[in-house]
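Okay, run04.cif now, which holds mmCIF, C-alpha atoms and all ligand atoms:
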data_input
loop_
_atom_site.label_atom_id
_atom_site.label_comp_id
_atom_site.auth_asym_id
_atom_site.auth_seq_id
_atom_site.Cartn_x
_atom_site.Cartn_y
_atom_site.Cartn_z
CA MET J 1 3.50 267.90 -152.66
CA SER J 2 3.77 266.50 -156.16
CA ASP J 3 6.99 265.68 -157.95
CA ARG J 4 6.20 268.10 -160.74
CA ILE J 5 8.37 271.21 -160.86
CA TYR J 6 6.22 274.26 -161.57
CA MET J 7 7.07 277.62 -163.13
CA SER J 8 5.87 279.66 -160.18
CA SER J 9 4.18 278.09 -157.16
CA PRO J 10 2.92 280.03 -154.14
CA ASP J 11 5.61 280.54 -151.51
CA VAL J 12 3.74 280.48 -148.19
CA GLY J 13 4.71 279.16 -144.79
CA LYS J 14 4.75 279.85 -141.06
CA LEU J 15 4.43 283.63 -141.24
CA GLU J 16 1.35 283.44 -143.49
CA GLU J 17 -0.16 280.83 -141.15
CA GLU J 18 0.40 283.09 -138.17
CA TYR J 19 -1.17 286.11 -139.91
CA ILE J 20 -4.23 284.26 -141.18
CA LEU J 21 -4.88 282.62 -137.81
CA ASN J 22 -4.67 286.00 -136.09
CA ALA J 23 -7.18 287.39 -138.56
CA LEU J 24 -9.45 284.38 -138.11
CA HIS J 25 -9.34 284.69 -134.32
CA SER J 26 -10.00 288.44 -134.53
CA GLY J 27 -13.45 287.67 -135.95
CA TRP J 28 -13.04 289.90 -139.04
CA ILE J 29 -14.16 287.33 -141.60
CA ALA J 30 -15.43 289.84 -144.17
CA PRO J 31 -14.29 291.93 -147.08
CA LEU J 32 -13.37 294.63 -144.63
CA GLY J 33 -11.44 294.73 -141.40
CA PRO J 34 -8.15 295.80 -139.89
CA ASP J 35 -5.97 293.57 -142.07
CA VAL J 36 -7.44 295.07 -145.26
CA ASP J 37 -6.79 298.58 -143.92
CA LYS J 38 -3.23 297.75 -142.91
CA PHE J 39 -2.50 295.86 -146.13
CA GLU J 40 -3.62 298.92 -148.10
CA GLN J 41 -1.42 301.24 -146.02
CA GLU J 42 1.56 298.91 -146.30
CA ILE J 43 1.33 298.56 -150.10
CA ALA J 44 0.78 302.32 -150.53
CA SER J 45 3.84 303.06 -148.46
CA ARG J 46 5.93 300.36 -150.17
CA VAL J 47 5.37 301.94 -153.60
CA GLY J 48 5.13 305.56 -152.47
CA ARG J 49 1.48 306.28 -153.22
CA SER J 50 -1.07 308.22 -151.20
CA TYR J 51 -3.91 305.71 -151.65
CA ALA J 52 -4.35 301.97 -152.13
CA VAL J 53 -7.60 300.01 -152.48
CA ALA J 54 -7.52 296.24 -151.95
CA LEU J 55 -9.69 294.34 -154.43
CA SER J 56 -10.66 290.77 -155.24
CA SER J 57 -8.30 290.43 -158.22
CA GLY J 58 -5.92 292.28 -160.46
CA THR J 59 -8.54 292.13 -163.20
CA ALA J 60 -11.11 293.80 -160.90
CA ALA J 61 -8.54 296.46 -160.04
CA LEU J 62 -7.92 297.18 -163.73
CA HIS J 63 -11.64 297.27 -164.47
CA LEU J 64 -12.33 299.83 -161.75
CA ALA J 65 -9.19 301.87 -162.47
CA LEU J 66 -10.46 302.25 -166.03
CA LEU J 67 -14.01 303.14 -164.96
CA ALA J 68 -12.73 305.66 -162.41
CA GLN J 69 -10.71 307.31 -165.19
CA GLY J 70 -13.86 307.70 -167.30
CA VAL J 71 -13.05 304.91 -169.77
CA GLY J 72 -16.20 303.68 -171.49
CA PRO J 73 -18.07 303.05 -174.75
CA GLY J 74 -17.09 305.15 -177.74
CA THR J 75 -13.47 305.44 -176.64
CA VAL J 76 -10.24 303.63 -177.50
CA VAL J 77 -7.72 302.32 -174.96
CA LEU J 78 -4.17 301.78 -176.19
CA THR J 79 -2.63 298.74 -174.56
CA ALA J 80 0.10 296.15 -174.98
CA SER J 81 -0.37 293.25 -177.34
CA MET J 82 2.22 291.29 -175.36
CA THR J 83 0.24 290.63 -172.19
CA PHE J 84 -2.09 288.28 -170.39
CA ALA J 85 -5.70 288.45 -171.62
CA ALA J 86 -6.88 290.03 -168.35
CA THR J 87 -5.55 293.42 -169.47
CA ALA J 88 -7.62 293.43 -172.65
CA ASN J 89 -10.64 291.80 -170.99
CA ALA J 90 -10.85 294.55 -168.37
CA ILE J 91 -10.84 297.16 -171.14
CA CYS J 92 -13.70 295.32 -172.88
CA TYR J 93 -15.75 295.15 -169.66
CA THR J 94 -15.98 298.97 -169.76
CA GLY J 95 -17.31 298.97 -173.32
CA ALA J 96 -14.18 300.71 -174.64
CA GLU J 97 -12.23 299.31 -177.58
CA PRO J 98 -8.77 297.85 -176.93
CA TYR J 99 -6.17 298.86 -179.53
CA PHE J 100 -3.00 296.77 -179.33
CA ILE J 101 0.50 298.25 -179.56
CA ASP J 102 3.48 295.98 -180.16
CA CYS J 103 6.57 295.81 -177.99
CA LEU J 104 10.30 296.38 -177.96
CA HIS J 105 12.02 293.12 -178.78
CA LYS J 106 14.48 293.54 -175.95
CA THR J 107 11.99 293.84 -173.07
CA GLY J 108 8.63 292.78 -174.49
CA ASN J 109 7.21 296.05 -173.15
CA MET J 110 5.14 298.60 -175.11
CA ASP J 111 7.16 300.35 -177.81
CA PRO J 112 6.94 304.10 -177.02
CA GLU J 113 7.68 305.10 -180.63
CA LEU J 114 4.89 302.95 -181.97
CA LEU J 115 2.61 304.51 -179.36
CA ALA J 116 3.70 308.01 -180.39
CA LYS J 117 2.95 307.16 -184.03
CA THR J 118 -0.50 305.70 -183.34
CA ILE J 119 -1.98 308.49 -181.21
CA PRO J 120 -1.98 311.30 -183.82
CA GLU J 121 -3.39 308.89 -186.42
CA LEU J 122 -6.36 308.07 -184.21
CA LEU J 123 -6.92 311.63 -183.02
CA GLY J 124 -6.67 312.83 -186.61
CA ALA J 125 -9.49 310.46 -187.51
CA GLY J 126 -11.62 312.02 -184.76
CA GLU J 127 -11.33 309.15 -182.28
CA ARG J 128 -11.26 309.56 -178.50
CA ILE J 129 -8.43 307.86 -176.61
CA SER J 130 -9.48 307.49 -172.98
CA ALA J 131 -6.38 305.76 -171.53
CA ILE J 132 -3.02 304.13 -172.19
CA VAL J 133 -2.47 300.83 -170.38
CA PRO J 134 1.14 299.63 -170.54
CA VAL J 135 2.10 296.32 -168.92
CA ASP J 136 5.30 295.49 -167.01
CA LEU J 137 5.96 292.17 -168.71
CA LEU J 138 7.12 289.38 -166.37
CA GLY J 139 8.24 291.96 -163.82
CA LYS J 140 10.30 294.24 -166.09
CA ALA J 141 9.23 297.86 -165.74
CA VAL J 142 7.92 299.60 -168.82
CA ASP J 143 9.92 302.62 -170.01
CA TYR J 144 7.55 304.88 -168.06
CA THR J 145 9.64 307.97 -168.78
CA ALA J 146 9.05 307.60 -172.51
CA ILE J 147 5.42 306.40 -172.27
CA GLN J 148 4.42 309.15 -169.83
CA ALA J 149 6.05 311.80 -172.03
CA VAL J 150 3.93 310.68 -175.00
CA ALA J 151 0.80 310.50 -172.84
CA ASP J 152 1.42 313.98 -171.39
CA GLU J 153 1.78 315.46 -174.85
CA TYR J 154 -1.85 314.54 -175.53
CA GLY J 155 -3.20 314.66 -171.96
CA ILE J 156 -4.12 310.97 -171.93
CA PRO J 157 -4.07 309.17 -168.54
CA VAL J 158 -1.72 306.21 -168.05
CA ILE J 159 -3.08 303.28 -166.07
CA ALA J 160 -0.21 300.90 -165.38
CA ASP J 161 -0.87 297.17 -165.40
CA ALA J 162 1.78 296.30 -162.84
CA ALA J 163 0.12 292.94 -162.06
CA GLU J 164 3.42 291.12 -162.55
CA SER J 165 5.91 293.68 -161.29
CA LEU J 166 5.46 294.54 -157.61
CA GLY J 167 8.94 295.23 -156.26
CA ALA J 168 10.41 296.30 -159.60
CA THR J 169 11.64 299.85 -160.27
CA HIS J 170 12.08 302.25 -163.16
CA LYS J 171 14.76 304.92 -162.68
CA ASN J 172 14.96 303.88 -159.02
CA ARG J 173 11.27 304.68 -158.48
CA PRO J 174 8.98 301.76 -157.58
CA VAL J 175 6.64 300.35 -160.17
CA GLY J 176 3.14 301.28 -159.02
CA SER J 177 4.20 304.88 -158.48
CA TRP J 178 4.18 305.52 -162.24
CA GLY J 179 1.03 306.53 -164.11
CA GLN J 180 -2.22 308.15 -162.87
CA SER J 181 -2.97 304.82 -161.20
CA ALA J 182 -1.50 301.34 -161.22
CA VAL J 183 -2.75 297.89 -160.36
CA PHE J 184 -1.16 294.82 -158.78
CA SER J 185 -2.29 291.18 -158.78
CA PHE J 186 -1.93 288.76 -155.89
CA ASN J 187 -3.01 285.70 -157.83
CA GLY J 188 -1.45 282.40 -156.77
CA ASN J 189 1.32 282.44 -159.38
CA LYS J 190 2.44 286.06 -158.93
CA ILE J 191 5.52 287.36 -157.11
CA MET J 192 3.44 287.45 -153.92
CA THR J 193 -0.03 286.12 -153.36
CA THR J 194 -3.17 286.38 -151.27
CA SER J 195 -4.34 283.20 -153.08
CA GLY J 196 -6.42 285.63 -155.13
CA GLY J 197 -6.56 289.41 -154.91
CA GLY J 198 -5.47 292.71 -156.34
CA MET J 199 -4.77 296.33 -155.45
CA LEU J 200 -5.23 299.71 -157.05
CA VAL J 201 -2.75 302.45 -156.11
CA THR J 202 -3.02 306.14 -156.94
CA ASP J 203 -2.30 309.63 -155.64
CA ASP J 204 -5.73 310.85 -156.73
CA SER J 205 -8.16 310.82 -153.80
CA ASN J 206 -11.14 310.99 -156.18
CA VAL J 207 -10.02 307.89 -158.06
CA ALA J 208 -9.44 305.99 -154.81
CA ALA J 209 -12.84 306.98 -153.42
CA ARG J 210 -14.59 306.17 -156.68
CA VAL J 211 -12.97 302.72 -156.89
CA ARG J 212 -13.87 301.97 -153.26
CA HIS J 213 -17.48 302.98 -153.94
CA LEU J 214 -17.83 300.92 -157.14
CA ALA J 215 -16.20 297.89 -155.47
CA THR J 216 -18.80 297.81 -152.69
CA GLN J 217 -21.92 297.56 -154.91
CA ALA J 218 -21.96 301.36 -155.25
CA ARG J 219 -23.69 301.53 -151.91
CA GLU J 220 -24.55 305.07 -150.85
CA PRO J 221 -23.90 306.20 -147.27
CA ALA J 222 -27.32 305.57 -145.75
CA VAL J 223 -28.53 303.23 -143.00
CA HIS J 224 -30.77 301.41 -145.46
CA TYR J 225 -29.37 300.04 -148.75
CA GLU J 226 -29.35 302.93 -151.24
CA HIS J 227 -27.88 302.65 -154.76
CA ALA J 228 -27.71 305.34 -157.44
CA GLU J 229 -25.72 303.35 -160.01
CA ILE J 230 -24.50 299.86 -160.90
CA GLY J 231 -21.71 298.63 -158.65
CA TYR J 232 -19.54 295.55 -158.22
CA ASN J 233 -18.65 293.14 -155.44
CA TYR J 234 -14.90 293.46 -155.78
CA ARG J 235 -13.48 293.96 -152.26
CA LEU J 236 -10.76 291.74 -150.82
CA SER J 237 -11.55 289.54 -147.83
CA ASN J 238 -9.87 290.41 -144.53
CA LEU J 239 -8.47 286.86 -144.24
CA LEU J 240 -6.79 287.11 -147.62
CA ALA J 241 -5.42 290.55 -146.78
CA ALA J 242 -3.76 288.95 -143.75
CA ILE J 243 -1.91 286.51 -146.03
CA GLY J 244 -0.91 289.46 -148.19
CA ARG J 245 0.58 291.30 -145.20
CA ALA J 246 2.75 288.31 -144.36
CA GLN J 247 3.79 287.95 -148.00
CA LEU J 248 4.67 291.63 -148.24
CA ARG J 249 7.02 291.26 -145.27
CA ARG J 250 8.77 288.49 -147.21
CA LEU J 251 8.65 290.18 -150.62
CA ASP J 252 12.29 291.26 -150.77
CA GLU J 253 13.51 287.85 -149.70
CA MET J 254 11.32 286.21 -152.38
CA ILE J 255 12.61 288.64 -155.00
CA ASP J 256 16.19 287.80 -153.98
CA ARG J 257 15.52 284.11 -154.54
CA ARG J 258 13.99 284.72 -157.95
CA ARG J 259 16.89 286.98 -158.83
CA ALA J 260 19.31 284.18 -157.88
CA LEU J 261 17.43 281.89 -160.31
CA ARG J 262 17.88 284.51 -163.03
CA THR J 263 21.62 284.47 -162.39
CA PHE J 264 21.58 280.67 -162.40
CA TYR J 265 19.89 280.50 -165.83
CA LYS J 266 22.29 283.11 -167.16
CA SER J 267 25.20 280.93 -166.12
CA ILE J 268 23.68 277.94 -167.92
CA PHE J 269 22.94 279.78 -171.17
CA ASP J 270 25.81 282.28 -171.16
CA ASP J 271 27.92 280.43 -173.69
CA VAL J 272 25.08 278.86 -175.69
CA ASP J 273 25.04 280.48 -179.11
CA GLY J 274 21.62 281.79 -180.18
CA VAL J 275 20.11 281.73 -176.68
CA HIS J 276 19.81 284.67 -174.31
CA VAL J 277 18.03 285.32 -171.04
CA PHE J 278 15.11 287.63 -171.83
CA GLY J 279 15.55 291.22 -170.64
CA GLY J 280 18.56 290.07 -168.68
CA ASP J 281 20.53 293.30 -168.79
CA GLN J 282 17.95 295.07 -166.62
CA ASP J 283 18.03 292.69 -163.70
CA GLY J 284 18.59 295.33 -161.03
CA GLU J 285 15.25 296.99 -161.85
CA ASP J 286 13.36 293.77 -162.56
CA ASN J 287 11.57 291.82 -159.80
CA CYS J 288 12.58 288.69 -161.78
CA TRP J 289 9.07 287.25 -161.36
CA LEU J 290 9.61 284.88 -164.28
CA THR J 291 12.79 284.10 -166.17
CA SER J 292 12.49 283.32 -169.86
CA ILE J 293 14.98 282.56 -172.55
CA VAL J 294 14.78 283.56 -176.20
CA VAL J 295 16.02 280.95 -178.66
CA ASP J 296 17.02 281.86 -182.20
CA PRO J 297 16.69 278.42 -183.85
CA LYS J 298 19.02 279.24 -186.74
CA ARG J 299 21.94 279.96 -184.46
CA ALA J 300 21.06 277.62 -181.59
CA GLY J 301 20.27 274.61 -183.75
CA PHE J 302 17.09 273.89 -181.77
CA ARG J 303 13.73 275.54 -181.13
CA SER J 304 12.45 276.72 -177.76
CA ASP J 305 9.71 274.16 -178.20
CA ASP J 306 12.28 271.34 -178.39
CA LEU J 307 13.59 272.32 -174.97
CA ARG J 308 10.02 272.59 -173.69
CA SER J 309 9.35 268.99 -174.79
CA ALA J 310 12.53 267.78 -173.06
CA LEU J 311 11.48 269.53 -169.83
CA THR J 312 7.89 268.24 -170.05
CA ALA J 313 9.22 264.68 -170.43
CA GLN J 314 10.90 265.14 -167.01
CA ASN J 315 7.76 266.65 -165.43
CA ILE J 316 9.18 270.17 -165.42
CA GLU J 317 6.77 272.95 -166.36
CA SER J 318 7.79 275.60 -168.90
CA ARG J 319 5.71 277.73 -171.26
CA PRO J 320 5.96 280.00 -174.28
CA LEU J 321 5.71 283.73 -173.55
CA TRP J 322 2.20 285.24 -173.72
CA LYS J 323 0.53 284.75 -177.06
CA PRO J 324 0.07 288.33 -178.33
CA MET J 325 -3.46 289.68 -178.06
CA HIS J 326 -3.62 290.58 -181.76
CA LEU J 327 -3.19 286.88 -182.56
CA GLN J 328 -5.93 285.70 -180.18
CA PRO J 329 -9.14 284.48 -181.82
CA VAL J 330 -11.24 286.60 -179.45
CA PHE J 331 -9.46 289.80 -180.57
CA LYS J 332 -9.08 288.96 -184.25
CA SER J 333 -11.17 291.92 -185.33
CA SER J 334 -9.44 294.35 -182.94
CA ARG J 335 -7.06 296.92 -184.31
CA ALA J 336 -3.35 296.67 -183.66
CA LYS J 337 -0.08 298.35 -184.57
CA VAL J 338 2.49 295.59 -184.90
CA ASN J 339 6.20 295.48 -185.62
CA GLY J 340 6.85 291.74 -185.45
CA SER J 341 8.47 291.78 -181.99
CA SER J 342 5.71 290.16 -179.96
CA GLU J 343 5.16 287.51 -182.64
CA SER J 344 8.85 286.65 -182.66
CA LEU J 345 9.01 286.56 -178.84
CA PHE J 346 5.97 284.28 -178.77
CA GLU J 347 7.70 281.96 -181.23
CA GLN J 348 11.14 281.99 -179.65
CA GLY J 349 10.50 282.60 -175.94
CA LEU J 350 10.31 279.99 -173.21
CA THR J 351 9.60 280.67 -169.55
CA LEU J 352 11.41 278.40 -167.11
CA PRO J 353 10.74 277.42 -163.48
CA SER J 354 11.27 280.68 -161.57
CA GLY J 355 9.47 280.29 -158.24
CA SER J 356 10.97 281.48 -154.97
CA VAL J 357 9.80 278.21 -153.40
CA LEU J 358 12.00 275.99 -155.62
CA GLN J 359 14.27 273.78 -153.54
CA PRO J 360 18.02 273.41 -154.27
CA GLN J 361 17.60 269.79 -155.38
CA GLU J 362 14.83 270.85 -157.80
CA VAL J 363 17.08 273.55 -159.25
CA ASP J 364 19.85 270.96 -159.62
CA PHE J 365 17.47 268.66 -161.45
CA VAL J 366 16.35 271.40 -163.84
CA GLU J 367 20.01 272.20 -164.50
CA ALA J 368 20.82 268.55 -165.24
CA VAL J 369 17.89 268.19 -167.65
CA ILE J 370 18.77 271.40 -169.52
CA LYS J 371 22.47 270.53 -169.72
CA LYS J 372 21.72 267.05 -171.03
CA PHE J 373 19.40 268.58 -173.63
CA LEU J 374 22.10 271.03 -174.71
CA LEU J 375 24.70 268.26 -174.98
CA ASP J 376 22.31 266.17 -177.08
CA GLN J 377 22.06 269.08 -179.57
CA ARG J 378 25.79 269.05 -180.33
C1 LIG K 401 -2.18 288.19 -163.60
C2 LIG K 401 -2.37 289.36 -164.50
C3 LIG K 401 -3.53 290.13 -164.47
C4 LIG K 401 -4.76 289.74 -163.71
O1 LIG K 401 -4.62 289.56 -162.35
P1 LIG K 401 -5.64 288.59 -161.60
O2 LIG K 401 -5.36 288.87 -160.16
O3 LIG K 401 -5.30 287.20 -162.00
O4 LIG K 401 -7.01 288.98 -161.99
C5 LIG K 401 -3.61 291.26 -165.26
N1 LIG K 401 -2.60 291.62 -166.06
C6 LIG K 401 -1.47 290.89 -166.14
C7 LIG K 401 -0.38 291.37 -167.04
C8 LIG K 401 -1.32 289.73 -165.38
O5 LIG K 401 -0.21 288.99 -165.49
#
Can you dump the structure from the file as C-alpha cells?
Amino acid sequence: MSDRIYMSSPDVGKLEEEYILNALHSGWIAPLGPDVDKFEQEIASRVGRSYAVALSSGTAALHLALLAQGVGPGTVVLTASMTFAATANAICYTGAEPYFIDCLHKTGNMDPELLAKTIPELLGAGERISAIVPVDLLGKAVDYTAIQAVADEYGIPVIADAAESLGATHKNRPVGSWGQSAVFSFNGNKIMTTSGGGMLVTDDSNVAARVRHLATQAREPAVHYEHAEIGYNYRLSNLLAAIGRAQLRRLDEMIDRRRALRTFYKSIFDDVDGVHVFGGDQDGEDNCWLTSIVVDPKRAGFRSDDLRSALTAQNIESRPLWKPMHLQPVFKSSRAKVNGSSESLFEQGLTLPSGSVLQPQEVDFVEAVIKKFLLDQR
C-alpha cells in the first residue's frame, strides 16, 4: 500500500482470491474453461442479453464488434469526441474513418441533435456510415432512446461503448442491453475488473459467433489448424474470468460505495458558487464510476486546475475529464462536428477520487484538503 490516494483503484479481496484459487486448482489455465463460460452467462443475464463473449480487453471487444457489424475501409463511423482514445483507436483498426460528434454539456454524452444533423449531410455527399458508437461517459448512460431513434431512421447499427458503465441504466433498462451490441471493459481502473479484460454482449447469434471466431485466430472447425481469414488472439483467460465472477457478485455493493462518494462530493460542493457535480441529477441511473466536478472559474473564483494542484500537493490523484478526440494530435485531420461542450468540459472538469476501495480516513483527508482549499479562496 502506498500513501497516495488514487482516483479509482481495483477493489479486490477475499472473494476474488477464493475464485482465482479455485480456477487455478481446477487446472483450466487457458483462454477457455468453465469460468469463462459462466462469466459470459452471468454478464449476459445481468444485462439481459442472449449472448456474451469474454475478450482480452474492452478495446478488443470494440474492435471485433465493429468488424462483426461489417465496419471497414471506405466507411465512416460516427462516435463521441468526449471519450477515451480506445474508442477511436478501435474504429481505426478496422480501416474505417472515425467522425467525432460533440456532446451535451450536461452529461458529456453524444448530442443526439448533432448526430441527426450530421447523418443526412454525409449521406447526401454519398458517404457510407457503417456504425454509430456512442459512449456512456464515466458511467452515465447515453440517451439511447434518442440515439437509437436517429439510427433507426437511417438503418445504421449502434454499437455501444459501455466500457465505463456496467451497472448503469437508461429508462430502467441496463446499459449493455441498448444497441445492436455493446462492450464492457474490465481494466484495472473500471467499476469492476479482471485486471484486464472485456466483454461483448448482443442478441444477435451471428454477431456473437463471428466475434468468437475472430477472437480465436479465426480457426476453422477441423482437427488440424485451418484458417480461411485473418484472426486475432483476443480471448479472456479462465483465471481472469474467475476474478470477474467474484467482482460481478460484488458489483452492486461497489456501485453503492461509489454512489455514496457522489453524495459526499455533492455535500461538499453544494453551496460553492460556480461548482457543480457533473451529471449529478441522474445519479439513480448512473453507476457513479467516477465523480467529477465542473468549475466555472468566473463564478467560483478559481480554476479546476488550481484545485488539482492543491490535491496533487497532498498526494491525492485527480484529473481533467477526457481530452476530446478532435483536439488530439493523432486525430487532428479527422472530421468532427463540434458545439463547444466537450472543449468546455475538458477545460472546467476535474475527476476526483471515486474508488469503492477508498477507506473512511482517506475520504476524510480528501474532504479536509478540499475544504481548506475552498476556505483559502475566500
Ligand atoms: C477503458 C475504456 C475502453 C477500453 O477498455 P480496455 O479494457 O482498457 O481496452 C474503451 N472505451 C472507453 C470509453 C473506456 O473508458
Quiz prompt | Point (4.3, 293.6, -176.4) neighbourhood (10 Å, all atoms listed in the file) written as a count of residues only | solution = 32
Self-check item: Residues within 12 Å of (2.7, 304.8, -174.8), counting all atoms listed in the file, listed as a ChimeraX atom specification
Solution: /J:77-80,99-104,109-119,129,131-135,142-160,179
Write out, as a tab-separated table, each residue of chain J that has an atom at most 9 Å from ligand LIG 401 (chain K), together with the closest pair of atoms and their distance in Å to one decimal, counting all atoms listed in the file, rows going by chain and rising number.
residue	atom	partner	partner_atom	distance
J:Ser56	CA	K:LIG401	O2	7.5
J:Ser57	CA	K:LIG401	O2	3.9
J:Gly58	CA	K:LIG401	O2	3.5
J:Thr59	CA	K:LIG401	O4	3.7
J:Ala60	CA	K:LIG401	O4	6.4
J:Ala61	CA	K:LIG401	O4	7.9
J:Leu62	CA	K:LIG401	C5	7.5
J:Met82	CA	K:LIG401	C7	8.7
J:Thr83	CA	K:LIG401	C7	5.2
J:Phe84	CA	K:LIG401	C7	4.9
J:Ala85	CA	K:LIG401	N1	7.1
J:Ala86	CA	K:LIG401	C5	4.7
J:Thr87	CA	K:LIG401	N1	4.9
J:Ala88	CA	K:LIG401	N1	8.5
J:Ala90	CA	K:LIG401	C5	8.5
J:Val135	CA	K:LIG401	C7	5.8
J:Asp136	CA	K:LIG401	C7	7.0
J:Leu137	CA	K:LIG401	C7	6.6
J:Leu138	CA	K:LIG401	O5	7.4
J:Asp161	CA	K:LIG401	N1	5.9
J:Ala162	CA	K:LIG401	C7	6.8
J:Ala163	CA	K:LIG401	C6	4.8
J:Glu164	CA	K:LIG401	O5	5.1
J:Ser165	CA	K:LIG401	O5	8.8
J:Val183	CA	K:LIG401	C5	8.3
J:Phe184	CA	K:LIG401	O1	7.2
J:Ser185	CA	K:LIG401	O2	4.1
J:Phe186	CA	K:LIG401	O2	5.5
J:Asn187	CA	K:LIG401	O2	4.6
J:Gly188	CA	K:LIG401	O3	8.1
J:Asn189	CA	K:LIG401	C1	7.9
J:Lys190	CA	K:LIG401	C1	6.9
J:Gly196	CA	K:LIG401	O2	6.1
J:Gly197	CA	K:LIG401	O2	5.4
J:Gly198	CA	K:LIG401	O2	5.4
J:Met199	CA	K:LIG401	O2	8.8
Name all residues at most 9 Å from J:Leu358 (count all atoms listed in the file; drop same-chain ones fewer than 4 positions away) and give them as a tab-separated table (two decimals) with C-alpha atoms, keeping the file's coordinate frame.
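What ended up in part-v2.tsv:
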chain	number	residue	atom	x	y	z
J	5	ILE	CA	8.37	271.21	-160.86
J	6	TYR	CA	6.22	274.26	-161.57
J	8	SER	CA	5.87	279.66	-160.18
J	9	SER	CA	4.18	278.09	-157.16
J	11	ASP	CA	5.61	280.54	-151.51
J	257	ARG	CA	15.52	284.11	-154.54
J	353	PRO	CA	10.74	277.42	-163.48
J	354	SER	CA	11.27	280.68	-161.57
J	362	GLU	CA	14.83	270.85	-157.80
J	363	VAL	CA	17.08	273.55	-159.25
Exercise. Record the distance separating atom CA of J:Asp252 and atom CA of J:Glu16, expressed in Å with one decimal.
Key: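 We find that atom CA of J:Asp252 and atom CA of J:Glu16 lie 15.3 Å from each other.
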Return as JSON lines the residues of stretch 67-172 of chain J lying at most 6 Å from stretch 277-290 of chain J, together with the closest atom-to-atom pair for each and the distance in Å to one decimal, counting all atoms listed in the file, with rows in chain order and ascending residue number.
{"residue": "J:Lys106", "atom": "CA", "partner": "J:Gly279", "partner_atom": "CA", "distance": 5.9}
{"residue": "J:Thr107", "atom": "CA", "partner": "J:Gly279", "partner_atom": "CA", "distance": 5.0}
{"residue": "J:Leu138", "atom": "CA", "partner": "J:Leu290", "partner_atom": "CA", "distance": 5.6}
{"residue": "J:Gly139", "atom": "CA", "partner": "J:Asn287", "partner_atom": "CA", "distance": 5.2}
{"residue": "J:Lys140", "atom": "CA", "partner": "J:Asp286", "partner_atom": "CA", "distance": 4.7}
{"residue": "J:Gly167", "atom": "CA", "partner": "J:Asn287", "partner_atom": "CA", "distance": 5.6}
{"residue": "J:Ala168", "atom": "CA", "partner": "J:Asn287", "partner_atom": "CA", "distance": 4.6}
{"residue": "J:Thr169", "atom": "CA", "partner": "J:Glu285", "partner_atom": "CA", "distance": 4.9}
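For the pair atom CA of J:Thr263 and atom CA of J:Leu321, the separation is 19.4 Å.
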Practice problem: Would you mind listing what lies within 12 Å of J:Leu374 as a list of chain:residue names, with all atoms listed in the file counted and same-chain residues fewer than 5 positions away left out? | Solution: J:Ile268, J:Phe269, J:Asp271, J:Val272, J:Asp273, J:Val275, J:Ala300, J:Gly301, J:Phe302, J:Arg303, J:Ser304, J:Asp306, J:Leu307, J:Ala310, J:Leu311, J:Glu367, J:Ala368, J:Val369
Self-check item: Option closest in space to J:Ile293, from J:Pro120, J:Ala242, J:Gln247, J:Glu347 [counting all atoms listed in the file]
Solution: J:Glu347
